Amino acid sequence: MDTYLKPAHTDLPASPRPDQGLDQRPDPNHADCRGVASVLSRVGDKWSVFVIMMLSDGPRRFNELKRMINGISQRMLTLTLRGLERDGLVTRTIFPTIPPRVDYELTDLGRGLSRPVEALGKWAKDHLDQIEAARTRFDQRNEG
């Protein structure tokens with residue numbers, strides 16, 4: 001099954017407040033939720049996180065990224081890089097050599113994101129044992 005790097009489930013209606021009828025418009029204070037959801041969908045995607053982490057040390061070529069990110073397919077890496085480029089987080093530079101060389105690099109915006117992404121990755125690594133133990137306990141309680 002393919003995974004597409006498009007924001008998913010962003011067309012959900014806003015829940016009405018208890019004092020609103022169903023025919024009322026959503027609260028204008030939450031109008032930017034869909035935009036934020038689409039950004040979080042991109043930067044929270046596991047492959048985007050890995051790409052951002054790998055590019056935090058500087059530019060990389062496509063095949064270098066593919067070797068560094070265990071389990072990513074060529075198609076998924078292409079889609080991920082294209083999405084990050086579209087969002088202004090990554091630049092793609094083509095060098096006129098034979099064969100052409102293509103480098104990917106974080107933009108200033110992407111570099112600003114790399115610190116929180118790296119902190120999240122470090123947190124996940126530091127707490128992996130605790131999370132796996134919690135999952136095991138949960139699964140044992142809920143078997144059957």
# chains A, B, ... in the order shown; residues from 1 in each chain; ligands from 1

call {"tool": "residues_around", "arguments": {"residues": "A:Ile94", "least_positions_apart": "5", "cutoff": "10 Å", "atoms": "only C-alpha atoms", "output": "PyMOL selection string"}}
result
chain A and resi 100-104

call {"tool": "write_last_selection", "arguments": {"atoms": "N, CA, C and O atoms", "output": "tab-separated table (two decimals), in the first residue's frame"}}
result
chain	number	residue	atom	x	y	z
A	100	PRO	N	24.22	14.65	-14.62
A	100	PRO	CA	23.89	15.80	-13.77
A	100	PRO	C	23.93	15.42	-12.28
A	100	PRO	O	23.54	14.32	-11.90
A	101	ARG	N	24.43	16.33	-11.48
A	101	ARG	CA	24.48	16.12	-10.03
A	101	ARG	C	23.38	16.97	-9.41
A	101	ARG	O	23.24	18.15	-9.74
A	102	VAL	N	22.62	16.38	-8.50
A	102	VAL	CA	21.53	17.09	-7.82
A	102	VAL	C	21.78	17.02	-6.33
A	102	VAL	O	21.95	15.94	-5.77
A	103	ASP	N	21.82	18.19	-5.70
A	103	ASP	CA	21.98	18.27	-4.24
A	103	ASP	C	20.71	18.81	-3.62
A	103	ASP	O	20.04	19.67	-4.19
A	104	TYR	N	20.42	18.31	-2.44
A	104	TYR	CA	19.30	18.79	-1.64
A	104	TYR	C	19.87	19.41	-0.38
A	104	TYR	O	20.79	18.87	0.23

call {"tool": "residues_around", "arguments": {"residues": "stretch 116-127 of chain A", "least_positions_apart": "6", "cutoff": "10 Å", "atoms": "only C-alpha atoms", "output": "PyMOL selection string"}}
result
chain A and resi 43-44+48-50+52-54+56

call {"tool": "write_last_selection", "arguments": {"atoms": "all heavy atoms", "output": "JSON list (two decimals), in the first residue's frame"}}
result
[["chain", "number", "residue", "atom", "x", "y", "z"],
["A", 43, "VAL", "N", 5.55, 18.23, 8.36],
["A", 43, "VAL", "CA", 6.75, 18.14, 9.20],
["A", 43, "VAL", "C", 6.65, 17.00, 10.20],
["A", 43, "VAL", "O", 7.68, 16.59, 10.76],
["A", 43, "VAL", "CB", 7.05, 19.48, 9.92],
["A", 43, "VAL", "CG1", 7.26, 20.58, 8.91],
["A", 43, "VAL", "CG2", 5.97, 19.85, 10.91],
["A", 44, "GLY", "N", 5.46, 16.46, 10.42],
["A", 44, "GLY", "CA", 5.31, 15.35, 11.34],
["A", 44, "GLY", "C", 5.37, 14.00, 10.65],
["A", 44, "GLY", "O", 5.38, 12.97, 11.32],
["A", 48, "SER", "N", 9.70, 12.79, 6.35],
["A", 48, "SER", "CA", 10.15, 14.18, 6.37],
["A", 48, "SER", "C", 11.08, 14.43, 7.55],
["A", 48, "SER", "O", 12.09, 15.12, 7.42],
["A", 48, "SER", "CB", 8.95, 15.14, 6.44],
["A", 48, "SER", "OG", 8.16, 15.04, 5.28],
["A", 49, "VAL", "N", 10.75, 13.87, 8.69],
["A", 49, "VAL", "CA", 11.58, 14.02, 9.87],
["A", 49, "VAL", "C", 12.98, 13.46, 9.60],
["A", 49, "VAL", "O", 13.99, 14.11, 9.88],
["A", 49, "VAL", "CB", 10.94, 13.33, 11.10],
["A", 49, "VAL", "CG1", 11.92, 13.21, 12.25],
["A", 49, "VAL", "CG2", 9.69, 14.09, 11.53],
["A", 50, "PHE", "N", 13.04, 12.27, 9.01],
["A", 50, "PHE", "CA", 14.34, 11.67, 8.71],
["A", 50, "PHE", "C", 15.13, 12.50, 7.71],
["A", 50, "PHE", "O", 16.33, 12.72, 7.86],
["A", 50, "PHE", "CB", 14.19, 10.24, 8.19],
["A", 50, "PHE", "CG", 13.85, 9.23, 9.26],
["A", 50, "PHE", "CD1", 12.79, 8.36, 9.09],
["A", 50, "PHE", "CD2", 14.58, 9.15, 10.42],
["A", 50, "PHE", "CE1", 12.47, 7.42, 10.06],
["A", 50, "PHE", "CE2", 14.28, 8.22, 11.40],
["A", 50, "PHE", "CZ", 13.22, 7.35, 11.22],
["A", 52, "ILE", "N", 14.89, 15.73, 7.07],
["A", 52, "ILE", "CA", 15.33, 16.97, 7.71],
["A", 52, "ILE", "C", 16.52, 16.69, 8.62],
["A", 52, "ILE", "O", 17.50, 17.44, 8.63],
["A", 52, "ILE", "CB", 14.16, 17.63, 8.48],
["A", 52, "ILE", "CG1", 13.13, 18.16, 7.48],
["A", 52, "ILE", "CG2", 14.66, 18.75, 9.39],
["A", 52, "ILE", "CD1", 11.79, 18.51, 8.08],
["A", 53, "MET", "N", 16.48, 15.59, 9.37],
["A", 53, "MET", "CA", 17.60, 15.25, 10.24],
["A", 53, "MET", "C", 18.87, 14.97, 9.43],
["A", 53, "MET", "O", 19.96, 15.42, 9.81],
["A", 53, "MET", "CB", 17.24, 14.04, 11.11],
["A", 53, "MET", "CG", 16.23, 14.37, 12.20],
["A", 53, "MET", "SD", 15.63, 12.94, 13.12],
["A", 53, "MET", "CE", 17.10, 12.41, 13.96],
["A", 54, "MET", "N", 18.74, 14.28, 8.32],
["A", 54, "MET", "CA", 19.92, 13.94, 7.50],
["A", 54, "MET", "C", 20.49, 15.18, 6.81],
["A", 54, "MET", "O", 21.70, 15.26, 6.59],
["A", 54, "MET", "CB", 19.57, 12.89, 6.44],
["A", 54, "MET", "CG", 19.15, 11.55, 6.98],
["A", 54, "MET", "SD", 20.39, 10.81, 8.05],
["A", 54, "MET", "CE", 19.50, 10.70, 9.58],
["A", 56, "SER", "N", 20.44, 18.18, 8.07],
["A", 56, "SER", "CA", 20.86, 19.20, 9.04],
["A", 56, "SER", "C", 22.38, 19.38, 9.07],
["A", 56, "SER", "O", 22.87, 20.43, 9.48],
["A", 56, "SER", "CB", 20.34, 18.88, 10.44],
["A", 56, "SER", "OG", 20.93, 17.70, 10.92]]

call {"tool": "closest_residue", "arguments": {"among": "A:Val51, A:Leu109, A:Leu40, A:Leu84", "to": "A:Leu65", "atoms": "only C-alpha atoms"}}
result
A:Val51

call {"tool": "atom_distance", "arguments": {"atom1": "atom CA of A:Val39", "atom2": "atom CA of A:Leu89"}}
result
11.0 Å

call {"tool": "closest_residue", "arguments": {"among": "A:Asp139, A:Phe62, A:Pro96, A:Thr91", "to": "A:Asp108", "atoms": "only C-alpha atoms"}}
result
A:Thr91

call {"tool": "atom_distance", "arguments": {"atom1": "atom CA of A:Asp45", "atom2": "atom CA of A:Ala134"}}
result
22.9 Å

call {"tool": "select_by_dssp", "arguments": {"residues": "stretch 75-133 of chain A", "states": "alpha helix (DSSP H)", "output": "PyMOL selection string"}}
result
chain A and resi 75-86+108-126+128-133

call {"tool": "residues_around", "arguments": {"residues": "A:Leu106", "least_positions_apart": "2", "cutoff": "6 Å", "atoms": "only C-alpha atoms", "output": "list in words"}}
result
Leu89, Val90, Gly110 and Arg111 of chain A

call {"tool": "write_last_selection", "arguments": {"atoms": "N, CA, C and O atoms", "output": "mmCIF file, in the first residue's frame"}}
result
data_model
loop_
_atom_site.group_PDB
_atom_site.id
_atom_site.type_symbol
_atom_site.label_atom_id
_atom_site.label_comp_id
_atom_site.auth_asym_id
_atom_site.auth_seq_id
_atom_site.Cartn_x
_atom_site.Cartn_y
_atom_site.Cartn_z
ATOM 1 N N LEU A 89 11.127 24.195 2.558
ATOM 2 C CA LEU A 89 12.030 23.701 3.588
ATOM 3 C C LEU A 89 13.339 23.162 3.005
ATOM 4 O O LEU A 89 14.341 23.069 3.716
ATOM 5 N N VAL A 90 13.310 22.786 1.734
ATOM 6 C CA VAL A 90 14.465 22.185 1.061
ATOM 7 C C VAL A 90 14.639 22.842 -0.298
ATOM 8 O O VAL A 90 13.653 23.184 -0.960
ATOM 9 N N GLY A 110 13.933 25.622 6.679
ATOM 10 C CA GLY A 110 14.177 24.227 7.041
ATOM 11 C C GLY A 110 15.183 24.080 8.167
ATOM 12 O O GLY A 110 15.028 23.230 9.050
ATOM 13 N N ARG A 111 16.212 24.924 8.157
ATOM 14 C CA ARG A 111 17.202 24.882 9.249
ATOM 15 C C ARG A 111 16.552 25.288 10.577
ATOM 16 O O ARG A 111 16.891 24.753 11.623
#

call {"tool": "atom_distance", "arguments": {"atom1": "atom CA of A:Trp47", "atom2": "atom CA of A:Ser73"}}
result
10.2 Å

call {"tool": "closest_residue", "arguments": {"among": "A:Arg61, A:Thr136, A:Ile131, A:Arg82", "to": "A:Phe95", "atoms": "only C-alpha atoms"}}
result
A:Arg61
